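S.K.: Handing you a structure now.
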Amino acid sequence: MIDVNNFFSFLKKNKIEFFSGVPDSVLKDTKEVFEKMSNKNHVVATNEGVATSVCIGNYLATGNLPCVYLQNSGLGNAVNPLISVAHKKVYSIPLLLLIGWRGAPGSKDEPQHIVKGKITKKLLTNMGIRYCELINKKDLNKLKKLITYSKKNKAPIACLVKKNILFKSKKNKKIYKNSGIKRGLFIEKFLETIDKKTKIISSTGYISRELHQIRKNNKINLGKDFYMVGGMGHSSSVALGFSINKSKNKVICLDGDGALLMHLGSMANVGFYGNKNFKHIVLNNNCHESVGGQKTNMEKVKLKQISLGLGYKNYSSLSLDNKIVSTLKNFLRKKGPSLLEVKIQTGSINYLTRPKNLILVKNNFMKK
């Protein structure tokens, strides 16, 4: 195990002082270090491709080696700028990829992570990216050699970090206090308000997990769910594809603010192609709560102007407990595509489990 502060001291000694990325549960103990950095040294990106591009820009401005941090599930988003811009045979730009390795061979993890974890090394090899595994302090010597290689050859490199390797000995738990509705309460009232034929596509993270748990605990059978256990940022696109071909069903996308920002351009497709049966609900607490609580930078985003500007027919907002049912009923009566922004608090329900039999979830969702 390696203390996070020691790790960042190592990076600083090697003149790596700029960081951009997407928060990850494996790397969550980096949170406090990043929060102390200025905007000139750290950018929380909406997706991993954006983070890679921000770091490319930083290199062009400074000539220094920047660091992209991400979960291995986000490598797919980063492939394009890594291959078509940073690759040695294109612009030859040095980058350090600090990768949280979910689903590493031999570890227990969720199905979507096991699949990606197994092929992570192959992906890096196929992209021509040299890598090392960080397990203990001795491995910093391997990383140092890679950093020297990256600077000399102007090529991206990667460092794979498994769970519980990077840790912070003294943790100052900083919880963002935000007003709004408890996510669990909103989901409970939501499930009690929808009709029997409603189809729900829910975003990855606590939203899907709480939807699954509350439905199970309260034995609520109204509507059917498809949980996006992976594919962060793609729930609205899945919901759009379904809704276009199932016009008799009310289709509701339960989204999160971080996921929405990750692929914000999807809203343009919803605004253009979405039918009156499409409803988009964004649960907004301005943080990546399920991976450590890092901010999403949603506080300055004006969803009303964005949604209406991209072709949504209606926008509604909700922030008070006593308005949940009346606002939901009014929102669900409106013609879509419509968007409801719900201001929620941080914090999840107790004993939160995960959907397990995903094939069964899919088959049940597809039934009429």
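Residue names in the structure tokens use chain letters A, B, ... in the order shown, residue numbers from 1 in each chain, and ligand numbers from 1 in the order shown.
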DSSP on the backbone: which residues in region 10-240 of chain A end up as strand (DSSP E)? Give the answer as number ranges by chain.
M.R.: A: 19-21, 42-44, 67-71, 96-100, 130-134, 157-161, 166-167, 199-202, 224-227
S.K.: Quick one: residues within 10 Å of Met298 (chain A), only C-alpha atoms counted, chain neighbours fewer than 6 positions away excluded, as an mmCIF file with all heavy atoms, in the first residue's frame?
M.R.:
```cif
data_model
loop_
_atom_site.group_PDB
_atom_site.id
_atom_site.type_symbol
_atom_site.label_atom_id
_atom_site.label_comp_id
_atom_site.auth_asym_id
_atom_site.auth_seq_id
_atom_site.Cartn_x
_atom_site.Cartn_y
_atom_site.Cartn_z
ATOM 1 N N ASP A 257 -26.534 13.877 -12.415
ATOM 2 C CA ASP A 257 -25.897 15.073 -12.973
ATOM 3 C C ASP A 257 -24.532 14.757 -13.586
ATOM 4 O O ASP A 257 -24.206 15.239 -14.678
ATOM 5 C CB ASP A 257 -25.771 16.170 -11.923
ATOM 6 C CG ASP A 257 -25.133 15.710 -10.623
ATOM 7 O OD1 ASP A 257 -25.635 14.748 -10.033
ATOM 8 O OD2 ASP A 257 -24.134 16.308 -10.182
ATOM 9 N N GLY A 258 -23.733 13.914 -12.930
ATOM 10 C CA GLY A 258 -22.430 13.547 -13.489
ATOM 11 C C GLY A 258 -22.559 12.771 -14.781
ATOM 12 O O GLY A 258 -21.826 13.012 -15.742
ATOM 13 N N LEU A 260 -25.155 12.827 -16.838
ATOM 14 C CA LEU A 260 -25.697 13.727 -17.869
ATOM 15 C C LEU A 260 -24.582 14.540 -18.515
ATOM 16 O O LEU A 260 -24.507 14.663 -19.745
ATOM 17 C CB LEU A 260 -26.731 14.657 -17.246
ATOM 18 C CG LEU A 260 -27.399 15.639 -18.224
ATOM 19 C CD1 LEU A 260 -28.482 14.947 -19.016
ATOM 20 C CD2 LEU A 260 -27.993 16.821 -17.455
ATOM 21 N N LEU A 261 -23.701 15.092 -17.684
ATOM 22 C CA LEU A 261 -22.614 15.922 -18.204
ATOM 23 C C LEU A 261 -21.614 15.109 -19.031
ATOM 24 O O LEU A 261 -20.998 15.640 -19.956
ATOM 25 C CB LEU A 261 -21.884 16.608 -17.049
ATOM 26 C CG LEU A 261 -22.652 17.706 -16.315
ATOM 27 C CD1 LEU A 261 -21.861 18.189 -15.108
ATOM 28 C CD2 LEU A 261 -22.951 18.873 -17.247
ATOM 29 N N ASN A 284 -30.037 15.698 -9.274
ATOM 30 C CA ASN A 284 -28.854 16.560 -9.243
ATOM 31 C C ASN A 284 -28.406 16.873 -7.811
ATOM 32 O O ASN A 284 -29.093 17.570 -7.082
ATOM 33 C CB ASN A 284 -29.167 17.857 -9.997
ATOM 34 C CG ASN A 284 -28.006 18.832 -10.001
ATOM 35 O OD1 ASN A 284 -26.884 18.503 -9.615
ATOM 36 N ND2 ASN A 284 -28.261 20.048 -10.441
ATOM 37 N N ASN A 285 -27.248 16.315 -7.415
ATOM 38 C CA ASN A 285 -26.657 16.695 -6.122
ATOM 39 C C ASN A 285 -25.249 17.270 -6.291
ATOM 40 O O ASN A 285 -24.495 17.399 -5.330
ATOM 41 C CB ASN A 285 -26.640 15.519 -5.147
ATOM 42 C CG ASN A 285 -25.816 14.342 -5.654
ATOM 43 O OD1 ASN A 285 -25.202 14.410 -6.716
ATOM 44 N ND2 ASN A 285 -25.812 13.257 -4.899
ATOM 45 N N ASN A 286 -24.879 17.579 -7.536
ATOM 46 C CA ASN A 286 -23.603 18.216 -7.862
ATOM 47 C C ASN A 286 -22.394 17.425 -7.358
ATOM 48 O O ASN A 286 -21.402 17.995 -6.940
ATOM 49 C CB ASN A 286 -23.550 19.645 -7.306
ATOM 50 C CG ASN A 286 -22.319 20.414 -7.788
ATOM 51 O OD1 ASN A 286 -21.880 20.252 -8.922
ATOM 52 N ND2 ASN A 286 -21.740 21.233 -6.926
ATOM 53 N N CYS A 287 -22.489 16.090 -7.388
ATOM 54 C CA CYS A 287 -21.301 15.317 -7.018
ATOM 55 C C CYS A 287 -21.348 13.901 -7.585
ATOM 56 O O CYS A 287 -22.408 13.377 -7.897
ATOM 57 C CB CYS A 287 -21.093 15.278 -5.502
ATOM 58 S SG CYS A 287 -22.206 14.207 -4.602
#
```
S.K.: Ranking A:Asn5, A:Ser208, A:Asn314, A:Ser290 by minimum distance to Lys170 (chain A) and counting only C-alpha atoms, which one comes first?
M.R.: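 So, comparing all the options, the nearest one is A:Asn5.
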S.K.: Go through A:Leu65, A:Val325, A:Ala259, A:Leu97 and flag the residue nearest Leu191 (chain A), using only C-alpha atoms for the distances.
M.R.: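 Nearest to Leu191 (chain A): A:Val325.
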S.K.: Enter the distance from CA of Gly180 (chain A) to CA of Pro337 (chain A), in Å, rounded to one decimal.
M.R.: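 Interatomic distance, CA of Gly180 (chain A) to CA of Pro337 (chain A): 24.4 Å.
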S.K.: Near His87 (chain A), counting only C-alpha atoms, which residues have an atom at most 8 Å away, once you skip same-chain residues fewer than 6 positions from it, shown as a VMD selection string?
M.R.: chain A and resid 93 155 to 156
S.K.: Could those residues be written to a file, using C-alpha atoms, as a PDB file, in the first residue's frame?
M.R.:
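After the write, again.pdb holds the following:
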```pdb
ATOM      1  CA  ILE A  93       2.448  13.610 -26.946  1.00  0.00           C
ATOM      2  CA  ALA A 155       4.603   8.777 -25.769  1.00  0.00           C
ATOM      3  CA  PRO A 156       1.658   8.043 -23.438  1.00  0.00           C
TER       4      PRO A 156
END
```
